[in-house]
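S.K.: This is my_file-v5.pdb (PDB, C-alpha atoms).
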MODEL        1
ATOM      1  CA  MET A   1      19.869 -28.823 -13.654
ATOM      2  CA  ARG A   2      23.412 -28.733 -12.355
ATOM      3  CA  ILE A   3      25.567 -25.890 -11.143
ATOM      4  CA  THR A   4      29.337 -26.253 -11.230
ATOM      5  CA  CYS A   5      30.526 -24.846  -7.924
ATOM      6  CA  PRO A   6      34.009 -23.303  -8.268
ATOM      7  CA  LEU A   7      35.033 -25.213  -5.126
ATOM      8  CA  CYS A   8      33.033 -28.438  -5.171
ATOM      9  CA  GLY A   9      32.644 -29.148  -8.884
ATOM     10  CA  PRO A  10      29.391 -30.078 -10.649
ATOM     11  CA  ARG A  11      26.560 -30.462  -8.147
ATOM     12  CA  ASP A  12      22.843 -31.034  -8.331
ATOM     13  CA  ARG A  13      20.598 -27.997  -8.189
ATOM     14  CA  ARG A  14      18.958 -29.231  -4.967
ATOM     15  CA  GLU A  15      22.151 -28.389  -3.050
ATOM     16  CA  PHE A  16      21.746 -24.703  -3.893
ATOM     17  CA  TYR A  17      19.503 -21.976  -2.597
ATOM     18  CA  TYR A  18      18.454 -19.223  -4.992
ATOM     19  CA  TYR A  19      18.697 -15.719  -3.631
ATOM     20  CA  GLY A  20      18.036 -13.320  -6.511
ATOM     21  CA  SER A  21      19.536 -10.849  -8.903
ATOM     22  CA  GLU A  22      23.139  -9.730  -8.610
ATOM     23  CA  ASP A  23      21.655  -6.282  -7.891
ATOM     24  CA  TYR A  24      21.628  -7.335  -4.242
ATOM     25  CA  LEU A  25      25.422  -7.089  -4.209
ATOM     26  CA  THR A  26      25.346  -3.309  -4.633
ATOM     27  CA  GLN A  27      23.513  -1.488  -1.901
ATOM     28  CA  PRO A  28      22.189   2.006  -2.534
ATOM     29  CA  ALA A  29      23.262   4.947  -0.407
ATOM     30  CA  LEU A  30      21.391   5.479   2.838
ATOM     31  CA  GLY A  31      18.770   8.149   2.443
ATOM     32  CA  ASP A  32      18.380   7.716  -1.313
ATOM     33  CA  PHE A  33      14.833   6.409  -1.082
ATOM     34  CA  ASP A  34      14.212   6.091  -4.812
ATOM     35  CA  ALA A  35      17.350   3.993  -5.156
ATOM     36  CA  ILE A  36      16.394   1.853  -2.143
ATOM     37  CA  ASP A  37      12.920   1.347  -3.601
ATOM     38  CA  ALA A  38      14.432   0.293  -6.912
ATOM     39  CA  HIS A  39      16.966  -1.935  -5.143
ATOM     40  CA  LEU A  40      14.247  -3.767  -3.264
ATOM     41  CA  HIS A  41      11.442  -3.945  -5.785
ATOM     42  CA  LEU A  42      12.405  -3.163  -9.369
ATOM     43  CA  ARG A  43      13.812  -5.991 -11.470
ATOM     44  CA  ASP A  44      14.197  -6.557 -15.156
ATOM     45  CA  ASN A  45      12.501  -9.698 -16.438
ATOM     46  CA  LEU A  46      14.981 -10.637 -19.108
ATOM     47  CA  ALA A  47      14.676 -13.265 -21.803
ATOM     48  CA  GLY A  48      18.374 -13.990 -22.046
ATOM     49  CA  GLU A  49      21.425 -13.896 -19.838
ATOM     50  CA  VAL A  50      20.917 -13.022 -16.189
ATOM     51  CA  ARG A  51      23.374 -12.952 -13.313
ATOM     52  CA  ASP A  52      21.951 -14.282 -10.087
ATOM     53  CA  LEU A  53      23.136 -15.034  -6.574
ATOM     54  CA  TRP A  54      22.999 -18.638  -5.446
ATOM     55  CA  TYR A  55      24.106 -20.094  -2.141
ATOM     56  CA  HIS A  56      25.721 -23.525  -1.947
ATOM     57  CA  GLU A  57      23.618 -24.301   1.081
ATOM     58  CA  MET A  58      24.128 -28.068   1.318
ATOM     59  CA  GLY A  59      27.713 -27.924   0.107
ATOM     60  CA  CYS A  60      30.612 -25.615   0.805
ATOM     61  CA  ALA A  61      28.486 -22.627   1.935
ATOM     62  CA  ALA A  62      29.943 -20.317  -0.721
ATOM     63  CA  TRP A  63      27.924 -17.521  -2.284
ATOM     64  CA  LEU A  64      28.036 -17.806  -6.058
ATOM     65  CA  LEU A  65      27.311 -15.487  -8.946
ATOM     66  CA  VAL A  66      25.748 -17.618 -11.670
ATOM     67  CA  THR A  67      25.349 -16.462 -15.266
ATOM     68  CA  ARG A  68      22.330 -18.243 -16.701
ATOM     69  CA  ASN A  69      20.292 -17.863 -19.858
ATOM     70  CA  THR A  70      16.594 -17.817 -19.029
ATOM     71  CA  VAL A  71      15.679 -18.901 -22.562
ATOM     72  CA  THR A  72      17.934 -21.960 -22.830
ATOM     73  CA  HIS A  73      18.648 -22.462 -19.095
ATOM     74  CA  LYS A  74      22.298 -22.792 -20.079
ATOM     75  CA  ILE A  75      24.684 -21.796 -17.304
ATOM     76  CA  SER A  76      27.693 -20.121 -18.856
ATOM     77  CA  ASP A  77      29.709 -19.149 -15.783
ATOM     78  CA  VAL A  78      29.826 -19.488 -12.022
ATOM     79  CA  VAL A  79      32.111 -17.381  -9.832
ATOM     80  CA  GLN A  80      32.552 -17.030  -6.109
ATOM     81  CA  VAL A  81      31.309 -13.736  -4.761
ATOM     82  CA  ALA A  82      34.004 -13.652  -2.065
ATOM     83  CA  GLY A  83      37.258 -12.027  -3.093
ATOM     84  CA  GLY A  84      36.148 -11.618  -6.703
ATOM     85  CA  GLY A  85      36.783 -15.340  -7.171
ATOM     86  CA  VAL A  86      37.924 -16.881 -10.409
ATOM     87  CA  GLY A  87      35.195 -18.262 -12.660
ATOM     88  CA  ILE A  88      34.811 -21.883 -13.577
ATOM     89  CA  LEU A  89      34.376 -21.149 -17.273
ATOM     90  CA  ALA A  90      37.760 -22.675 -18.045
ATOM     91  CA  LYS A  91      36.932 -25.837 -16.100
ATOM     92  CA  MET A  92      33.520 -26.405 -17.630
ATOM     93  CA  LYS A  93      33.156 -28.948 -20.393
ATOM     94  CA  PRO A  94      31.290 -27.631 -23.414
ATOM     95  CA  GLU A  95      27.966 -29.440 -23.329
ATOM     96  CA  GLU A  96      26.330 -29.258 -26.694
ATOM     97  CA  GLY A  97      22.598 -28.912 -26.462
ATOM     98  CA  ALA A  98      22.681 -29.657 -22.743
ATOM     99  CA  LEU A  99      20.511 -27.585 -20.473
TER
ATOM    100  CA  MET B   1      33.465 -37.090  41.466
ATOM    101  CA  VAL B   2      31.056 -39.289  39.589
ATOM    102  CA  ASN B   3      32.392 -40.726  36.355
ATOM    103  CA  LEU B   4      29.729 -40.260  33.730
ATOM    104  CA  ILE B   5      29.553 -42.662  30.805
ATOM    105  CA  ALA B   6      29.885 -40.867  27.483
ATOM    106  CA  LYS B   7      27.388 -42.352  25.063
ATOM    107  CA  SER B   8      27.967 -42.275  21.329
ATOM    108  CA  PRO B   9      25.150 -40.964  19.101
ATOM    109  CA  LEU B  10      24.130 -44.506  18.108
ATOM    110  CA  TRP B  11      24.848 -46.140  21.439
ATOM    111  CA  GLY B  12      24.030 -49.837  21.413
ATOM    112  CA  GLN B  13      23.351 -50.001  17.681
ATOM    113  CA  ALA B  14      24.661 -53.256  16.229
ATOM    114  CA  PRO B  15      26.250 -53.149  12.771
ATOM    115  CA  LEU B  16      23.994 -53.967   9.852
ATOM    116  CA  VAL B  17      25.352 -56.473   7.340
ATOM    117  CA  SER B  18      23.470 -57.214   4.147
ATOM    118  CA  ALA B  19      24.433 -58.306   0.631
ATOM    119  CA  GLY B  20      28.081 -57.388   0.954
ATOM    120  CA  VAL B  21      27.497 -54.038   2.655
ATOM    121  CA  THR B  22      28.262 -53.256   6.285
ATOM    122  CA  LEU B  23      26.847 -50.230   8.058
ATOM    123  CA  ALA B  24      28.316 -49.437  11.461
ATOM    124  CA  GLU B  25      28.877 -46.567  13.807
ATOM    125  CA  VAL B  26      32.371 -45.090  13.924
ATOM    126  CA  ASP B  27      33.921 -43.464  16.951
ATOM    127  CA  LEU B  28      35.355 -40.271  15.506
ATOM    128  CA  GLY B  29      37.252 -39.298  18.627
ATOM    129  CA  GLN B  30      37.976 -35.617  18.871
ATOM    130  CA  VAL B  31      36.461 -33.504  16.084
ATOM    131  CA  THR B  32      37.633 -29.907  15.801
ATOM    132  CA  SER B  33      36.540 -27.281  13.314
ATOM    133  CA  ILE B  34      39.500 -25.395  11.840
ATOM    134  CA  ALA B  35      38.597 -22.118  10.131
ATOM    135  CA  PRO B  36      41.833 -20.352   9.072
ATOM    136  CA  PHE B  37      42.013 -16.579   9.270
ATOM    137  CA  ASP B  38      43.897 -16.698   5.961
ATOM    138  CA  MET B  39      42.759 -19.467   3.641
ATOM    139  CA  ALA B  40      46.214 -19.752   2.073
ATOM    140  CA  VAL B  41      47.652 -21.199   5.289
ATOM    141  CA  PRO B  42      49.976 -24.175   4.662
ATOM    142  CA  GLY B  43      48.644 -27.609   5.533
ATOM    143  CA  PHE B  44      45.018 -26.668   4.898
ATOM    144  CA  PRO B  45      43.375 -29.210   2.583
ATOM    145  CA  ALA B  46      42.346 -28.345  -0.957
ATOM    146  CA  PRO B  47      38.590 -28.452  -1.616
ATOM    147  CA  ASN B  48      37.126 -31.981  -1.507
ATOM    148  CA  THR B  49      40.277 -33.571  -0.141
ATOM    149  CA  VAL B  50      41.595 -35.017   3.100
ATOM    150  CA  VAL B  51      45.068 -34.417   4.499
ATOM    151  CA  ALA B  52      46.123 -37.345   6.678
ATOM    152  CA  ASP B  53      48.801 -37.039   9.341
ATOM    153  CA  GLY B  54      49.162 -40.370  11.091
ATOM    154  CA  ALA B  55      45.865 -41.152  12.799
ATOM    155  CA  ALA B  56      44.681 -37.561  12.487
ATOM    156  CA  ARG B  57      42.803 -36.414   9.415
ATOM    157  CA  LEU B  58      42.067 -32.893   8.249
ATOM    158  CA  VAL B  59      38.914 -33.061   6.161
ATOM    159  CA  TRP B  60      37.798 -30.145   3.987
ATOM    160  CA  THR B  61      34.215 -29.363   4.986
ATOM    161  CA  GLY B  62      33.438 -26.128   3.243
ATOM    162  CA  ARG B  63      34.736 -22.775   2.154
ATOM    163  CA  GLY B  64      37.411 -21.829   4.692
ATOM    164  CA  GLN B  65      36.607 -24.707   7.013
ATOM    165  CA  ALA B  66      38.038 -28.148   7.713
ATOM    166  CA  PHE B  67      37.427 -30.731  10.420
ATOM    167  CA  LEU B  68      40.379 -32.150  12.289
ATOM    168  CA  ILE B  69      39.304 -35.678  13.173
ATOM    169  CA  GLY B  70      41.074 -37.867  15.698
ATOM    170  CA  GLY B  71      43.992 -35.638  16.541
ATOM    171  CA  PRO B  72      45.184 -32.836  18.795
ATOM    172  CA  VAL B  73      44.668 -29.228  17.704
ATOM    173  CA  GLY B  74      48.370 -28.410  17.973
ATOM    174  CA  ASP B  75      49.403 -25.131  16.362
ATOM    175  CA  TRP B  76      46.147 -24.573  14.487
ATOM    176  CA  ALA B  77      44.843 -22.330  17.264
ATOM    177  CA  GLU B  78      47.430 -19.735  16.255
ATOM    178  CA  VAL B  79      46.297 -19.412  12.641
ATOM    179  CA  ALA B  80      42.653 -20.415  12.739
ATOM    180  CA  ALA B  81      39.413 -20.166  14.649
ATOM    181  CA  VAL B  82      39.213 -23.500  16.429
ATOM    182  CA  THR B  83      36.021 -24.948  17.901
ATOM    183  CA  ASP B  84      35.377 -28.352  19.415
ATOM    184  CA  GLN B  85      32.710 -30.278  17.486
ATOM    185  CA  SER B  86      33.210 -33.707  19.057
ATOM    186  CA  ASP B  87      29.749 -34.011  20.575
ATOM    187  CA  GLY B  88      27.986 -32.498  17.585
ATOM    188  CA  TRP B  89      28.632 -35.116  14.943
ATOM    189  CA  ALA B  90      27.914 -38.776  14.431
ATOM    190  CA  GLY B  91      30.167 -41.033  12.389
ATOM    191  CA  LEU B  92      28.986 -43.922  10.227
ATOM    192  CA  SER B  93      30.970 -46.305   8.097
ATOM    193  CA  LEU B  94      29.520 -47.874   4.984
ATOM    194  CA  LEU B  95      31.868 -50.537   3.709
ATOM    195  CA  GLY B  96      31.771 -53.250   1.063
ATOM    196  CA  ALA B  97      31.584 -53.653  -2.671
ATOM    197  CA  GLY B  98      27.991 -52.420  -2.760
ATOM    198  CA  ALA B  99      28.591 -49.339  -0.603
ATOM    199  CA  VAL B 100      28.734 -47.046  -3.599
ATOM    200  CA  ASP B 101      25.403 -48.416  -4.912
ATOM    201  CA  VAL B 102      23.744 -47.863  -1.552
ATOM    202  CA  LEU B 103      25.010 -44.324  -1.175
ATOM    203  CA  ALA B 104      24.177 -43.447  -4.772
ATOM    204  CA  ARG B 105      20.492 -43.801  -3.933
ATOM    205  CA  LEU B 106      20.699 -41.054  -1.331
ATOM    206  CA  VAL B 107      23.531 -38.710  -2.344
ATOM    207  CA  PRO B 108      23.349 -36.511  -5.493
ATOM    208  CA  VAL B 109      27.076 -36.724  -6.256
ATOM    209  CA  ASP B 110      28.923 -39.054  -8.636
ATOM    210  CA  LEU B 111      30.474 -41.181  -5.903
ATOM    211  CA  ARG B 112      32.403 -43.351  -8.367
ATOM    212  CA  ARG B 113      34.699 -40.384  -8.904
ATOM    213  CA  LEU B 114      35.675 -40.216  -5.242
ATOM    214  CA  ALA B 115      39.035 -41.870  -4.603
ATOM    215  CA  VAL B 116      40.481 -42.619  -1.186
ATOM    216  CA  GLY B 117      41.513 -39.267   0.240
ATOM    217  CA  ASP B 118      38.612 -37.399  -1.346
ATOM    218  CA  CYS B 119      35.653 -36.014   0.515
ATOM    219  CA  ALA B 120      32.451 -34.200  -0.359
ATOM    220  CA  ARG B 121      30.099 -32.039   1.595
ATOM    221  CA  THR B 122      26.663 -32.760   0.226
ATOM    222  CA  GLN B 123      23.336 -34.197   1.311
ATOM    223  CA  LEU B 124      22.012 -37.593   2.351
ATOM    224  CA  GLY B 125      18.364 -37.398   1.486
ATOM    225  CA  HIS B 126      17.599 -34.008   2.992
ATOM    226  CA  MET B 127      20.333 -34.196   5.620
ATOM    227  CA  ALA B 128      23.647 -32.400   5.481
ATOM    228  CA  VAL B 129      26.436 -34.952   5.267
ATOM    229  CA  ILE B 130      30.191 -35.081   4.899
ATOM    230  CA  VAL B 131      31.219 -38.059   2.775
ATOM    231  CA  ILE B 132      34.802 -39.275   3.142
ATOM    232  CA  ALA B 133      36.069 -41.930   0.756
ATOM    233  CA  VAL B 134      38.073 -44.559   2.642
ATOM    234  CA  ALA B 135      39.524 -47.919   1.621
ATOM    235  CA  GLY B 136      36.611 -50.218   0.819
ATOM    236  CA  GLY B 137      33.839 -47.684   1.177
ATOM    237  CA  PHE B 138      32.849 -44.458   2.860
ATOM    238  CA  GLU B 139      32.735 -42.724   6.166
ATOM    239  CA  LEU B 140      29.776 -40.431   6.714
ATOM    240  CA  LEU B 141      29.498 -37.572   9.155
ATOM    241  CA  VAL B 142      26.033 -36.308  10.035
ATOM    242  CA  PHE B 143      24.721 -34.003  12.722
ATOM    243  CA  ARG B 144      24.375 -35.904  15.987
ATOM    244  CA  SER B 145      20.675 -35.051  16.133
ATOM    245  CA  MET B 146      20.264 -36.763  12.745
ATOM    246  CA  ALA B 147      22.139 -39.974  13.638
ATOM    247  CA  GLN B 148      19.058 -42.184  13.986
ATOM    248  CA  THR B 149      17.462 -40.690  10.891
ATOM    249  CA  ALA B 150      20.609 -41.264   8.854
ATOM    250  CA  TRP B 151      20.821 -44.829  10.115
ATOM    251  CA  HIS B 152      17.177 -45.415   9.216
ATOM    252  CA  GLU B 153      17.612 -43.987   5.700
ATOM    253  CA  LEU B 154      20.722 -46.055   5.050
ATOM    254  CA  ALA B 155      19.318 -49.236   6.597
ATOM    255  CA  THR B 156      16.198 -48.956   4.453
ATOM    256  CA  VAL B 157      18.265 -48.576   1.286
ATOM    257  CA  ILE B 158      20.557 -51.466   2.261
ATOM    258  CA  LYS B 159      17.570 -53.748   2.869
ATOM    259  CA  MET B 160      15.840 -52.720  -0.367
ATOM    260  CA  ARG B 161      19.014 -53.268  -2.340
ATOM    261  CA  GLY B 162      19.484 -56.668  -0.713
ATOM    262  CA  ALA B 163      15.925 -57.624  -1.582
ATOM    263  CA  ARG B 164      16.362 -56.510  -5.179
ATOM    264  CA  LEU B 165      19.555 -58.541  -5.537
ATOM    265  CA  ALA B 166      17.879 -61.601  -4.025
ATOM    266  CA  CYS B 167      14.957 -61.702  -6.444
TER
ENDMDL
END
Take the structure from the file and write it as structure tokens.

M.R.:
Amino acid sequence: MRITCPLCGPRDRREFYYYGSEDYLTQPALGDFDAIDAHLHLRDNLAGEVRDLWYHEMGCAAWLLVTRNTVTHKISDVVQVAGGGVGILAKMKPEEGAL
Amino acid sequence: MVNLIAKSPLWGQAPLVSAGVTLAEVDLGQVTSIAPFDMAVPGFPAPNTVVADGAARLVWTGRGQAFLIGGPVGDWAEVAAVTDQSDGWAGLSLLGAGAVDVLARLVPVDLRRLAVGDCARTQLGHMAVIVIAVAGGFELLVFRSMAQTAWHELATVIKMRGARLAC
């Protein structure tokens, strides 16, 4: 599996650290205990497109928001979390049948 | 005042030459981390590239960070967070026609795409490494504490490759 880092280009999966759902980007209000509980523990288990946080740990140290299909493992977009970065969709070569 | 002898990370290590590949330690000189307050600052290298200014090189080493190797800090202190890294990193040079084949066994990046003036922050085995493409091969920067390990990994690969070519 490869992830195309918006800064570094296509890199092997071993350079990245998986953090979790993009839900972690939006923190609930302090004192809203139901929302905090949901934020920490409740996740959808989707068969389809998910948006997850990955960290380019052994590369440029950027946090990335990766759109990945859990059925096909196809990665359709990668954007930098910082500054609402531009996606790499335009740079990615269409890979037919590639995982 | 006593004059202390500064020892390089691989002090006393003789270069390794095998099957057209030479592995040697490189004296990097002064290494300074440059982390601009505004990433759009002029003169800052684009991702995966090196900006050379005479003997000094500014090597992109990550998001919002570059290493100034072998040169004075100059005006960077006004526009960036500047920290001395000289004692923290070890430099290795891997030169020769087979250098790319040696490195390809340890680094998960398509090294054939790197032209002189390109660099990549990636991993050497499990070690963090900065790969800089230079004329005739590569320069590698690893953490000083990993210098012997990096040498061992590379030397093993060079010997195995030499043995494979010989048989």

S.K.: For a cutoff of 8 Å around the file-coordinate point (18.9, -18.4, -5.6), which residues qualify once you count all atoms listed in the file? I'd like the result as a PyMOL selection string.

M.R.: chain A and resi 16-20+52-55

S.K.: Which is closest to chain A among B:Arg112, B:Lys7, B:Arg105, B:Arg121, if we use only C-alpha atoms?

M.R.: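 Residue with the minimum atom-to-atom distance to chain A: B:Arg121.
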
S.K.: Since I can't run it myself right now, could you work out what the PyMOL selection byres ((chain A) within 6 of (chain B)) selects here and report it as a list in words?

M.R.: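 So the PyMOL selection byres ((chain A) within 6 of (chain B)), applied here, picks out Leu7, Met58, Gly59 and Cys60 of chain A.
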
S.K.: Would you place a box with edges along x, y and z of the file around all atoms of range 143-153 of chain B listed there, add 4 Å to each of its six sides, and report the centre and edge lengths in Å to one decimal, as lines of an AutoDock Vina configuration file?

M.R.:
center_x = 20.9
center_y = -39.7
center_z = 10.9
size_x = 15.5
size_y = 19.4
size_z = 18.4

S.K.: Nearest residue to Asp53 in chain B out of B:Ala35, B:Ile158, B:Ala80, B:Pro72, using all atoms listed in the file?

M.R.: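 Ranked by minimum distance to Asp53 in chain B, first place goes to B:Pro72.
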
S.K.: Work out how far CA of Ile34 in chain B is from CA of Thr83 in chain B, in Å to one decimal.

M.R.: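 Interatomic distance here is 7.0 Å.
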
S.K.: For the structure shown, which residues end up in the PyMOL selection byres ((chain B and resi 151-154) around 12)? Put them as a PyMOL selection string, please?

M.R.: chain B and resi 9-10+13-18+21-25+90-94+99-107+124-127+140-150+155-161

S.K.: Give me the residues within 10 Å of Pro10 in chain A as a PyMOL selection string, counting only C-alpha atoms and dropping any in the same chain fewer than 4 places off.

M.R.: (chain A and resi 2-6+92) or (chain B and resi 109-110)

S.K.: In the coordinate frame of the file, compute which residues have an atom within 12 Å of (30.2, -9.2, -4.6) when using all atoms listed in the file, and state them as JSON, numbers by chain.

M.R.: {"A": [21, 22, 23, 24, 25, 26, 27, 51, 52, 53, 54, 62, 63, 64, 65, 66, 79, 80, 81, 82, 83, 84, 85]}

S.K.: In Å, with one decimal, what is the gap from CA of Ala56 in chain B to CA of Gly70 in chain B?

M.R.: 4.8 Å

S.K.: What is the distance, in Å and to one decimal place, between CA of Arg164 in chain B and CA of Ile132 in chain B?

M.R.: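 Separating CA of Arg164 in chain B from CA of Ile132 in chain B is a distance of 26.6 Å.
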
S.K.: The PyMOL selection byres ((chain B and resi 96) around 6) on the file shown: which residues, as a list in words?

M.R.: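 Against this file, the PyMOL selection byres ((chain B and resi 96) around 6) returns the residues Gly20, Val21, Leu95, Ala97, Gly98, Ala99, Gly136 and Gly137 of chain B.
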
S.K.: Could the residues in this selection be written to a file with C-alpha atoms, as a PDB file, in the frame of the given file?

M.R.:
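Contents of result-v1.pdb, as written:
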ATOM      1  CA  GLY B  20      28.081 -57.388   0.954  1.00  0.00           C
ATOM      2  CA  VAL B  21      27.497 -54.038   2.655  1.00  0.00           C
ATOM      3  CA  LEU B  95      31.868 -50.537   3.709  1.00  0.00           C
ATOM      4  CA  ALA B  97      31.584 -53.653  -2.671  1.00  0.00           C
ATOM      5  CA  GLY B  98      27.991 -52.420  -2.760  1.00  0.00           C
ATOM      6  CA  ALA B  99      28.591 -49.339  -0.603  1.00  0.00           C
ATOM      7  CA  GLY B 136      36.611 -50.218   0.819  1.00  0.00           C
ATOM      8  CA  GLY B 137      33.839 -47.684   1.177  1.00  0.00           C
TER       9      GLY B 137
END

S.K.: Fewer than 5 positions away in the same chain doesn't count, so skip those; otherwise give me all residues within 8 Å of Phe44 in chain B, counting only C-alpha atoms, as a PDB file with C-alpha atoms, in the coordinates of the input.

M.R.:
ATOM      1  CA  MET B  39      42.759 -19.467   3.641  1.00  0.00           C
ATOM      2  CA  VAL B  51      45.068 -34.417   4.499  1.00  0.00           C
ATOM      3  CA  LEU B  58      42.067 -32.893   8.249  1.00  0.00           C
ATOM      4  CA  ALA B  66      38.038 -28.148   7.713  1.00  0.00           C
TER       5      ALA B  66
END
